[in-house]
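Student: Sharing protein20.cif (mmCIF, C-alpha atoms and all ligand atoms) below.
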data_query
loop_
_atom_site.label_atom_id
_atom_site.label_comp_id
_atom_site.auth_asym_id
_atom_site.auth_seq_id
_atom_site.Cartn_x
_atom_site.Cartn_y
_atom_site.Cartn_z
CA MET A 1 28.91 -4.09 159.24
CA ILE A 2 25.74 -2.28 160.23
CA PRO A 3 25.80 0.46 162.91
CA ALA A 4 23.85 0.00 166.14
CA GLN A 5 20.50 1.79 166.29
CA PHE A 6 20.65 5.56 166.75
CA SER A 7 18.41 8.61 166.54
CA TYR A 8 19.10 11.43 164.11
CA ALA A 9 18.43 15.17 164.30
CA VAL A 10 19.35 18.05 162.03
CA ALA A 11 20.55 21.27 163.68
CA THR A 12 20.21 24.53 161.78
CA THR A 13 21.99 26.77 164.29
CA VAL A 14 25.01 26.29 166.54
CA GLU A 15 22.81 26.91 169.60
CA GLU A 16 20.37 24.20 168.50
CA ALA A 17 23.23 21.73 167.94
CA VAL A 18 24.61 22.45 171.42
CA ARG A 19 21.16 22.01 172.96
CA LEU A 20 20.62 18.69 171.14
CA LEU A 21 24.09 17.44 172.11
CA GLY A 22 23.31 18.22 175.75
CA SER A 23 19.83 16.68 175.62
CA THR A 24 20.83 13.01 175.30
CA PRO A 25 23.77 11.19 176.87
CA GLY A 26 25.89 9.67 174.11
CA ALA A 27 24.86 12.24 171.47
CA ARG A 28 27.56 13.07 168.88
CA ALA A 29 27.88 15.70 166.19
CA LEU A 30 27.97 14.52 162.58
CA ALA A 31 30.16 16.61 160.27
CA GLY A 32 31.65 14.89 157.20
CA GLY A 33 31.19 11.49 158.84
CA GLN A 34 34.54 10.23 157.53
CA ASN A 35 35.80 9.36 160.98
CA LEU A 36 32.56 8.70 162.83
CA VAL A 37 30.62 6.59 160.31
CA PRO A 38 33.38 3.97 159.80
CA LEU A 39 33.66 3.72 163.60
CA MET A 40 29.88 3.27 163.86
CA LYS A 41 29.93 0.57 161.19
CA ARG A 42 32.50 -1.34 163.24
CA ARG A 43 30.48 -0.54 166.39
CA ALA A 44 33.58 1.08 167.85
CA ALA A 45 31.28 4.13 168.27
CA THR A 46 27.62 3.71 169.25
CA PRO A 47 26.14 7.21 169.56
CA SER A 48 22.58 7.35 170.85
CA LEU A 49 21.82 10.46 168.77
CA LEU A 50 23.56 11.91 165.71
CA VAL A 51 23.29 15.70 165.55
CA ASP A 52 23.85 16.61 161.91
CA ILE A 53 25.65 19.98 161.76
CA ASN A 54 25.95 20.11 157.96
CA ARG A 55 23.00 22.46 157.54
CA ILE A 56 24.21 25.12 159.93
CA PRO A 57 25.00 28.10 157.70
CA ASP A 58 28.19 30.16 158.09
CA LEU A 59 30.43 27.47 159.57
CA ALA A 60 32.47 27.01 156.38
CA TYR A 61 34.82 29.90 155.53
CA ILE A 62 38.47 30.91 155.33
CA LYS A 63 39.16 34.57 156.02
CA ASP A 64 41.84 36.98 157.14
CA LEU A 65 40.60 39.10 160.05
CA ASP A 66 43.26 41.69 160.90
CA GLY A 67 46.15 39.27 160.47
CA VAL A 68 44.37 36.28 162.03
CA LEU A 69 43.43 33.48 159.72
CA CYS A 70 39.94 32.28 160.70
CA ILE A 71 38.74 28.92 159.41
CA GLY A 72 35.18 27.74 160.05
CA ALA A 73 35.02 24.26 161.57
CA MET A 74 32.84 22.91 158.74
CA THR A 75 35.32 23.92 156.04
CA ARG A 76 35.94 20.85 153.87
CA ASP A 77 39.45 19.69 153.08
CA ALA A 78 38.75 20.22 149.36
CA ALA A 79 38.12 23.92 150.09
CA LEU A 80 41.29 24.22 152.21
CA GLU A 81 43.34 22.49 149.55
CA SER A 82 42.26 24.92 146.83
CA SER A 83 42.07 28.13 148.89
CA VAL A 84 43.90 31.02 147.23
CA LEU A 85 44.21 32.78 150.61
CA LEU A 86 45.86 29.75 152.21
CA LYS A 87 48.15 29.16 149.25
CA SER A 88 49.40 32.71 149.43
CA ARG A 89 49.52 33.21 153.21
CA CYS A 90 49.63 29.85 154.99
CA LEU A 91 50.49 27.23 152.41
CA VAL A 92 51.15 24.47 154.95
CA VAL A 93 47.45 24.24 155.89
CA ALA A 94 46.48 23.73 152.23
CA GLU A 95 49.35 21.25 151.86
CA THR A 96 48.13 19.30 154.90
CA ALA A 97 44.54 19.20 153.63
CA ALA A 98 45.73 17.97 150.23
CA SER A 99 47.48 15.01 151.86
CA LEU A 100 44.41 13.82 153.77
CA GLY A 101 42.62 10.71 152.48
CA ASP A 102 41.60 10.79 148.83
CA ALA A 103 39.54 13.23 146.75
CA LEU A 104 36.25 11.60 147.78
CA VAL A 105 37.10 11.87 151.47
CA ARG A 106 38.37 15.46 151.12
CA GLY A 107 35.14 16.50 149.44
CA VAL A 108 33.27 15.96 152.71
CA SER A 109 35.78 15.74 155.59
CA THR A 110 36.03 18.89 157.71
CA ILE A 111 38.90 20.47 159.61
CA GLY A 112 36.72 20.66 162.75
CA GLY A 113 35.86 16.96 162.54
CA ASN A 114 39.51 16.07 162.09
CA ILE A 115 40.50 17.91 165.26
CA ALA A 116 37.46 16.85 167.28
CA ALA A 117 38.04 13.18 166.48
CA GLY A 118 41.24 13.50 168.53
CA GLU A 119 43.08 10.76 166.64
CA GLY A 120 46.85 10.38 167.01
CA THR A 121 47.02 10.25 163.21
CA SER A 122 45.32 13.64 162.72
CA ASP A 123 47.25 15.43 159.97
CA HIS A 124 45.68 18.81 160.73
CA ALA A 125 46.55 18.54 164.41
CA ALA A 126 50.27 18.13 163.66
CA THR A 127 50.21 21.29 161.54
CA LEU A 128 47.95 23.37 163.78
CA LEU A 129 50.09 22.50 166.82
CA VAL A 130 53.21 23.99 165.23
CA LEU A 131 51.29 27.05 164.04
CA GLY A 132 50.09 27.66 167.62
CA ALA A 133 46.45 27.66 166.51
CA ASP A 134 43.52 28.41 168.83
CA LEU A 135 40.18 26.63 168.79
CA VAL A 136 36.92 28.49 169.32
CA LEU A 137 34.46 26.24 171.18
CA HIS A 138 30.74 26.94 171.54
CA GLY A 139 28.94 25.33 174.48
CA PRO A 140 25.86 25.97 176.63
CA ASN A 141 27.59 29.00 178.20
CA GLY A 142 28.61 30.55 174.88
CA ARG A 143 32.00 30.77 173.21
CA HIS A 144 35.50 30.44 174.54
CA THR A 145 38.91 29.97 173.00
CA VAL A 146 41.53 27.36 173.90
CA PRO A 147 45.01 26.81 172.51
CA ILE A 148 45.07 23.63 170.45
CA ALA A 149 48.05 22.49 172.55
CA SER A 150 45.76 22.18 175.59
CA PHE A 151 43.15 20.28 173.59
CA PHE A 152 45.16 17.09 173.14
CA VAL A 153 45.98 15.47 176.46
CA ASN A 154 47.74 12.27 177.36
CA ASP A 155 44.72 10.07 177.90
CA GLY A 156 43.87 10.60 174.23
CA MET A 157 40.47 12.22 174.91
CA PRO A 158 40.23 15.75 173.49
CA ARG A 159 39.54 18.26 176.25
CA ARG A 160 36.02 19.28 175.25
CA ARG A 161 32.60 18.88 176.83
CA ASP A 162 30.26 16.50 174.99
CA ASP A 163 27.90 19.41 174.33
CA GLU A 164 30.56 21.74 172.93
CA LEU A 165 31.14 22.29 169.23
CA ILE A 166 34.38 23.45 167.65
CA VAL A 167 33.19 26.40 165.57
CA GLU A 168 36.41 28.03 164.39
CA ILE A 169 40.16 27.54 164.11
CA ARG A 170 42.33 30.67 164.44
CA ILE A 171 45.91 30.99 163.25
CA ARG A 172 48.02 34.10 163.58
CA MET A 173 49.17 34.86 160.04
CA PRO A 174 52.79 33.68 159.67
CA ARG A 175 55.10 36.71 159.53
CA VAL A 176 57.75 37.46 156.93
CA GLY A 177 60.84 35.33 157.61
CA SER A 178 58.83 32.29 158.65
CA GLY A 179 57.99 29.14 156.77
CA ALA A 180 56.29 25.82 157.39
CA ALA A 181 56.02 22.49 155.61
CA PHE A 182 54.18 19.18 156.00
CA GLU A 183 55.53 15.72 155.17
CA LYS A 184 53.61 12.48 155.33
CA LEU A 185 54.24 8.81 154.78
CA ALA A 186 51.21 6.61 154.11
CA ARG A 187 51.10 3.03 152.93
CA ARG A 188 49.08 4.01 149.91
CA THR A 189 47.18 7.03 148.61
CA GLY A 190 44.10 7.64 150.72
CA ASP A 191 45.48 5.93 153.82
CA SER A 192 45.96 7.71 157.16
CA ALA A 193 49.49 8.64 158.16
CA THR A 194 51.99 5.98 159.07
CA VAL A 195 53.98 9.02 160.17
CA ALA A 196 53.33 12.71 159.47
CA VAL A 197 55.51 15.66 160.42
CA ALA A 198 54.79 19.38 160.30
CA ALA A 199 57.63 21.85 160.81
CA ALA A 200 57.53 25.63 161.23
CA LEU A 201 60.57 27.90 161.49
CA SER A 202 61.19 31.58 161.70
CA LEU A 203 64.66 32.74 160.74
CA ASN A 204 66.71 35.80 161.44
CA ASP A 205 69.70 35.90 159.05
CA LEU A 206 69.40 32.13 158.71
CA VAL A 207 69.50 31.75 162.51
CA VAL A 208 66.46 30.01 163.99
CA ALA A 209 64.36 32.40 166.09
CA SER A 210 61.48 30.01 166.70
CA ALA A 211 60.77 26.40 165.80
CA GLY A 212 57.86 23.99 165.86
CA ILE A 213 57.86 20.28 165.04
CA GLY A 214 54.52 18.42 165.18
CA LEU A 215 54.23 14.65 164.89
CA ALA A 216 51.25 12.46 163.99
CA GLY A 217 50.98 8.68 163.81
CA VAL A 218 53.60 8.06 166.49
CA ALA A 219 51.61 8.25 169.75
CA PRO A 220 47.97 8.09 170.91
CA ILE A 221 47.81 11.87 170.44
CA PRO A 222 49.48 14.27 168.02
CA LEU A 223 52.39 15.93 169.81
CA ARG A 224 55.29 18.36 169.54
CA ALA A 225 58.96 17.37 169.59
CA THR A 226 59.92 20.03 172.13
CA GLU A 227 63.51 18.89 172.76
CA ALA A 228 64.29 19.12 169.05
CA GLU A 229 62.52 22.51 168.85
CA GLN A 230 64.63 23.89 171.72
CA PHE A 231 67.81 22.55 170.16
CA LEU A 232 67.16 24.55 166.97
CA ILE A 233 66.75 27.94 168.65
CA GLY A 234 69.70 30.27 168.10
CA LYS A 235 71.45 27.96 165.64
CA ARG A 236 72.00 28.34 161.90
CA ALA A 237 69.50 26.27 159.94
CA ASP A 238 72.19 24.25 158.19
CA GLN A 239 72.47 20.57 157.36
CA ALA A 240 74.21 19.56 160.60
CA THR A 241 71.71 21.40 162.84
CA ILE A 242 68.68 20.10 160.99
CA GLY A 243 70.07 16.56 160.97
CA GLU A 244 70.60 16.63 164.74
CA ALA A 245 67.15 18.16 165.37
CA ALA A 246 65.59 15.39 163.28
CA ARG A 247 67.42 12.80 165.36
CA LEU A 248 66.21 14.44 168.58
CA ALA A 249 62.63 14.48 167.27
CA THR A 250 62.60 10.67 167.37
CA ARG A 251 62.93 10.91 171.19
CA ALA A 252 59.50 12.56 171.41
CA ALA A 253 57.86 9.75 169.46
CA ALA A 254 56.42 6.73 171.25
CA PRO A 255 55.28 4.73 168.24
CA GLY A 256 53.62 1.36 168.36
CA SER A 257 53.68 -1.42 165.78
CA ASP A 258 50.59 -2.21 163.73
CA VAL A 259 49.62 -3.38 160.25
CA ARG A 260 50.97 -0.15 158.79
CA ALA A 261 54.51 -0.28 160.20
CA SER A 262 56.75 -1.45 163.01
CA ALA A 263 57.67 0.91 165.84
CA GLU A 264 61.32 0.95 164.67
CA TYR A 265 60.36 1.88 161.12
CA ARG A 266 58.08 4.66 162.35
CA GLU A 267 60.84 6.03 164.55
CA ASP A 268 63.25 6.15 161.63
CA MET A 269 60.62 7.78 159.45
CA VAL A 270 60.16 10.51 162.09
CA ARG A 271 63.84 11.35 161.58
CA VAL A 272 63.62 11.29 157.77
CA LEU A 273 60.40 13.29 157.51
CA THR A 274 61.44 15.80 160.17
CA GLU A 275 64.63 16.49 158.25
CA ARG A 276 62.69 16.99 155.01
CA ALA A 277 60.05 19.16 156.64
CA LEU A 278 62.65 21.34 158.38
CA PHE A 279 64.61 21.86 155.16
CA ARG A 280 61.48 22.87 153.27
CA ALA A 281 60.34 25.12 156.11
CA ALA A 282 63.79 26.76 156.19
CA ASN A 283 63.70 27.30 152.41
CA ARG A 284 60.32 28.95 152.65
CA ALA A 285 61.39 31.04 155.64
CA SER A 286 64.56 32.27 153.96
CA GLY A 287 62.53 33.40 150.98
CA SER A 288 64.22 31.14 148.46
CA VAL A 289 60.78 29.68 147.98
CA ALA A 290 57.86 32.01 148.53
CA GLN A 291 54.95 30.73 150.64
CA GLY A 292 52.64 30.35 147.69
CA GLU A 293 55.02 28.85 145.14
CA ALA A 294 55.16 25.21 144.25
CA GLU A 295 58.50 23.52 144.85
C1 LIG B 1 39.39 6.54 153.49
C2 LIG B 1 39.73 7.46 154.63
C3 LIG B 1 40.99 8.06 154.66
C4 LIG B 1 41.32 8.93 155.70
N1 LIG B 1 42.56 9.51 155.68
C5 LIG B 1 42.89 10.38 156.67
C6 LIG B 1 44.16 11.03 156.64
O1 LIG B 1 44.95 10.84 155.72
N2 LIG B 1 44.46 11.87 157.65
C7 LIG B 1 43.57 12.13 158.68
O2 LIG B 1 43.92 12.93 159.55
N3 LIG B 1 42.37 11.52 158.72
C8 LIG B 1 42.00 10.66 157.75
N4 LIG B 1 40.79 10.03 157.78
C9 LIG B 1 39.89 10.24 158.91
C10 LIG B 1 38.81 11.33 158.63
O3 LIG B 1 38.59 11.50 157.27
C11 LIG B 1 39.24 12.66 159.16
O4 LIG B 1 39.51 12.57 160.53
C12 LIG B 1 38.19 13.72 158.88
O5 LIG B 1 38.85 14.97 158.78
C13 LIG B 1 37.13 13.79 159.93
O6 LIG B 1 36.30 14.88 159.63
P1 LIG B 1 34.74 14.67 159.45
O7 LIG B 1 34.19 16.01 159.12
O8 LIG B 1 34.48 13.59 158.49
O9 LIG B 1 34.36 14.27 160.94
P2 LIG B 1 33.19 13.29 161.52
O10 LIG B 1 33.52 11.89 161.17
O11 LIG B 1 31.86 13.81 161.11
O12 LIG B 1 33.40 13.55 163.05
C14 LIG B 1 34.54 13.08 163.73
C15 LIG B 1 34.33 13.27 165.24
O13 LIG B 1 34.34 14.64 165.58
C16 LIG B 1 33.09 15.06 166.11
N5 LIG B 1 32.84 16.35 165.48
C17 LIG B 1 32.79 16.62 164.14
N6 LIG B 1 32.74 17.94 163.94
C18 LIG B 1 32.74 18.52 165.16
C19 LIG B 1 32.71 19.88 165.60
N7 LIG B 1 32.69 20.91 164.75
N8 LIG B 1 32.73 20.09 166.93
C20 LIG B 1 32.78 19.07 167.81
N9 LIG B 1 32.81 17.78 167.45
C21 LIG B 1 32.80 17.51 166.14
C22 LIG B 1 32.09 13.97 165.75
O14 LIG B 1 31.06 13.86 166.71
C23 LIG B 1 32.99 12.75 165.75
O15 LIG B 1 33.16 12.28 167.07
C24 LIG B 1 40.40 9.18 156.75
C25 LIG B 1 39.14 8.58 156.70
C26 LIG B 1 38.79 7.75 155.65
C27 LIG B 1 37.42 7.13 155.63
#
Spell out the structure here as structure tokens.
Ligand SMILES: Cc1cc2nc3c(=O)[nH]c(=O)nc-3n(C[C@H](O)[C@H](O)[C@H](O)COP(=O)(O)OP(=O)(O)OC[C@H]3O[C@@H](n4cnc5c(N)ncnc54)[C@H](O)[C@@H]3O)c2cc1C
Tutor:
Amino acid sequence: MIPAQFSYAVATTVEEAVRLLGSTPGARALAGGQNLVPLMKRRAATPSLLVDINRIPDLAYIKDLDGVLCIGAMTRDAALESSVLLKSRCLVVAETAASLGDALVRGVSTIGGNIAAGEGTSDHAATLLVLGADLVLHGPNGRHTVPIASFFVNDGMPRRRDDELIVEIRIRMPRVGSGAAFEKLARRTGDSATVAVAAALSLNDLVVASAGIGLAGVAPIPLRATEAEQFLIGKRADQATIGEAARLATRAAAPGSDVRASAEYREDMVRVLTERALFRAANRASGSVAQGEAE
């Protein structure tokens, strides 16, 4: 299908993009276009003005600033997937990027666009939720930082003004004794998640000190399985505990049925993938598999 008519402007600075977004009701930023353009073709999105942010310099980077991993919003998934820094210090983000779409999509899709789209199937959101990431937003009044957990709200609309850009994602560098893993089920390579699960654990003598379980594809927004997370705290990360936590994680999911899968199948896959993700996170946390090593 052909998109409805729209105007197009190229921004060369963040300030200019913010000004353009605020200048016309219905204006939308254009990053990799992998979410927005298909929606426009189906006329499920009809922006009046596309503000192209691809030519703003310095929005694509991955760096360690005093123990905080800073990722520019325009960083492409292909760059995340191959980042040496991520592979050595926060492997789960590279792992998540590698699972998204196919190589053609990952060459252009951006981490900022993935979060801003606010889809329930957002792979990055599941992972960033369990890592407790912060988002740096730039709007007409300058920059401010919000926890990603407050960004996704129940009505499915990301909590962001129309004239605000996500400019950076910040993750506190995982400490020694912690590990995280991402698991995804898709109908075929390149498809969005039928179910995706991210798990993060920190262990103290194999006892769980903190736990995060993020789910995508099972509700209108990506969410955390808080009951299962609480259950894990203070327990040994053994088979019985992880199995029970995986069962509890299904209670957080509110999946629907669609062409990809039935609600019942999705619910069962939450259990299976949570178990796998927790085991892999526990292995990484206990040091049997170092963060950067392939399994
Ligand atoms: C074949 C295919 C497979 C896919 N597979 C997956 C998958 O496996 N997992 C998955 O999660 N997604 C998947 N997607 C969806 C899409 O690729 C991702 O959501 C992608 O990361 C979106 O990023 P983008 O840069 O292309 O965003 P765009 O499409 O450019 O933008 C998405 C939305 O965010 C807004 N936006 C973009 N950047 C910013 C910013 N910095 N600040 C504020 N607003 C912004 C735009 O206005 C738009 O509303 C797939 C898409 C395709 C076409």
Student: Counting only C-alpha atoms, what is within 10 Å of A:Arg28, bar same-chain residues fewer than 2 positions away, as a list in words?
Tutor: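 Everything that qualifies: Tyr8, Ala17, Leu20, Leu21, Gly22, Thr24, Pro25, Gly26, Leu30, Ala31, Leu36, Ala45, Thr46, Pro47, Ser48, Leu49, Leu50, Val51, Asp52, Asp162, Asp163 and Leu165 of chain A.
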Student: Can you pull out the residues contacting stretch 203-211 of chain A? Cut-off 7 Å, using all atoms listed in the file, and skip same-chain residues under 4 positions away; I want them as a list in words.
Tutor: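 My list of contacting residues is Gly177, Ser178, Glu229, Leu232, Ile233, Gly234, Lys235, Arg236, Ala237, Ala285 and Ser286 of chain A.
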Student: Using atom CA of A:Ser122 and atom CA of A:Glu183 as the two end points, give the distance in Å to one decimal.
Tutor: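 Answer for the atom CA of A:Ser122 to atom CA of A:Glu183 separation: 12.9 Å.
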Student: Atom CA of A:Leu137 to atom CA of A:Arg160: how many Å, to one decimal?
Tutor: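 Interatomic distance, atom CA of A:Leu137 to atom CA of A:Arg160: 8.2 Å.
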Student: Within 12 Å of (33.8, 15.8, 144.1), in the coordinates the file gives, what residues turn up when you count all atoms listed in the file, written out as a PyMOL selection string?
Tutor: chain A and resi 76-79+102-109
Student: Go ahead and write the residues just picked, C-alpha atoms, as a short mmCIF file (atom, residue, chain, number, x, y, z; two decimals), in the coordinates of the input.
Tutor:
data_model
loop_
_atom_site.label_atom_id
_atom_site.label_comp_id
_atom_site.auth_asym_id
_atom_site.auth_seq_id
_atom_site.Cartn_x
_atom_site.Cartn_y
_atom_site.Cartn_z
CA ARG A 76 35.94 20.85 153.87
CA ASP A 77 39.45 19.69 153.08
CA ALA A 78 38.75 20.22 149.36
CA ALA A 79 38.12 23.92 150.09
CA ASP A 102 41.60 10.79 148.83
CA ALA A 103 39.54 13.23 146.75
CA LEU A 104 36.25 11.60 147.78
CA VAL A 105 37.10 11.87 151.47
CA ARG A 106 38.37 15.46 151.12
CA GLY A 107 35.14 16.50 149.44
CA VAL A 108 33.27 15.96 152.71
CA SER A 109 35.78 15.74 155.59
#
Student: Determine the nearest neighbour of ligand LIG 1 (chain B) from the options A:Gly139, A:Gly101, A:Gly179, A:Gly132, counting all atoms listed in the file.
Tutor: A:Gly101
Student: Got a sec to check which residues sit within 12 Å of (45.7, 35.5, 158.7), counting only C-alpha atoms, and write them as a list in words?
Tutor: Ile62, Lys63, Asp64, Leu65, Asp66, Gly67, Val68, Leu69, Cys70, Ile71, Leu85, Leu86, Lys87, Ser88, Arg89, Cys90, Leu91, Val93, Leu131, Ala133, Ile169, Arg170, Ile171, Arg172, Met173, Pro174 and Arg175 of chain A
Student: Work out how far apart atom CA of A:Ser202 and atom CA of A:Ala225 are and give it in Å to one decimal.
Tutor: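 So the two atoms, atom CA of A:Ser202 and atom CA of A:Ala225, lie 16.4 Å apart.
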Student: Nearest to A:Pro220 among A:Ala263, A:Gly120, A:Val270, A:Ala198, with distances taken over all atoms listed in the file: which residue is it?
Tutor: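 Smallest distance to A:Pro220 is found for A:Gly120.
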Student: Set the distance at 10 Å and use all atoms listed in the file: which residues neighbour A:Ala196 once local chain neighbours fewer than 3 positions away are removed? I'd like the list as a PDB file with C-alpha atoms, in the frame of the given file.
Tutor:
ATOM      1  CA  THR A  96      48.130  19.300 154.900  1.00  0.00           C
ATOM      2  CA  SER A  99      47.480  15.010 151.860  1.00  0.00           C
ATOM      3  CA  THR A 121      47.020  10.250 163.210  1.00  0.00           C
ATOM      4  CA  SER A 122      45.320  13.640 162.720  1.00  0.00           C
ATOM      5  CA  ASP A 123      47.250  15.430 159.970  1.00  0.00           C
ATOM      6  CA  HIS A 124      45.680  18.810 160.730  1.00  0.00           C
ATOM      7  CA  ALA A 126      50.270  18.130 163.660  1.00  0.00           C
ATOM      8  CA  THR A 127      50.210  21.290 161.540  1.00  0.00           C
ATOM      9  CA  PHE A 182      54.180  19.180 156.000  1.00  0.00           C
ATOM     10  CA  GLU A 183      55.530  15.720 155.170  1.00  0.00           C
ATOM     11  CA  LYS A 184      53.610  12.480 155.330  1.00  0.00           C
ATOM     12  CA  LEU A 185      54.240   8.810 154.780  1.00  0.00           C
ATOM     13  CA  ALA A 186      51.210   6.610 154.110  1.00  0.00           C
ATOM     14  CA  SER A 192      45.960   7.710 157.160  1.00  0.00           C
ATOM     15  CA  ALA A 193      49.490   8.640 158.160  1.00  0.00           C
ATOM     16  CA  GLY A 214      54.520  18.420 165.180  1.00  0.00           C
ATOM     17  CA  LEU A 215      54.230  14.650 164.890  1.00  0.00           C
ATOM     18  CA  ALA A 216      51.250  12.460 163.990  1.00  0.00           C
ATOM     19  CA  GLY A 217      50.980   8.680 163.810  1.00  0.00           C
ATOM     20  CA  VAL A 218      53.600   8.060 166.490  1.00  0.00           C
ATOM     21  CA  PRO A 222      49.480  14.270 168.020  1.00  0.00           C
ATOM     22  CA  ARG A 266      58.080   4.660 162.350  1.00  0.00           C
ATOM     23  CA  MET A 269      60.620   7.780 159.450  1.00  0.00           C
ATOM     24  CA  VAL A 270      60.160  10.510 162.090  1.00  0.00           C
ATOM     25  CA  LEU A 273      60.400  13.290 157.510  1.00  0.00           C
ATOM     26  CA  THR A 274      61.440  15.800 160.170  1.00  0.00           C
ATOM     27  CA  ALA A 277      60.050  19.160 156.640  1.00  0.00           C
TER      28      ALA A 277
END
Student: Determine the nearest neighbour of A:Asp191 from the options A:Val146, A:Leu39, A:Ala9, A:Leu100, counting all atoms listed in the file.
Tutor: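 So, comparing all the options, the nearest one is A:Leu100.
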Student: Between A:Ala281, A:Ile56, A:Leu223, A:Met74, which is the closest to ligand LIG 1 (chain B) once you count all atoms listed in the file?
Tutor: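 Among the listed residues, the smallest separation from ligand LIG 1 (chain B) belongs to A:Met74.
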Student: Taking into account all atoms listed in the file, which residue in the set A:Val195, A:Ala27, A:Ala44, A:Leu135 is nearest to A:Ala73?
Tutor: A:Leu135
Student: Quick one: what's the axis-aligned box for stretch 128-138 of chain A, all listed atoms, 4 Å on every side, centre and edges in Å to one decimal, as lines of an AutoDock Vina configuration file?
Tutor:
center_x = 42.0
center_y = 25.5
center_z = 167.7
size_x = 30.5
size_y = 14.0
size_z = 15.8
Student: Pick the closest to ligand LIG 1 (chain B) from A:Ala11, A:Val92, A:Ile111, A:Met1: which is it, counting only C-alpha atoms and all ligand atoms?
Tutor: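 Closest to ligand LIG 1 (chain B), using only C-alpha atoms and all ligand atoms: A:Ile111.
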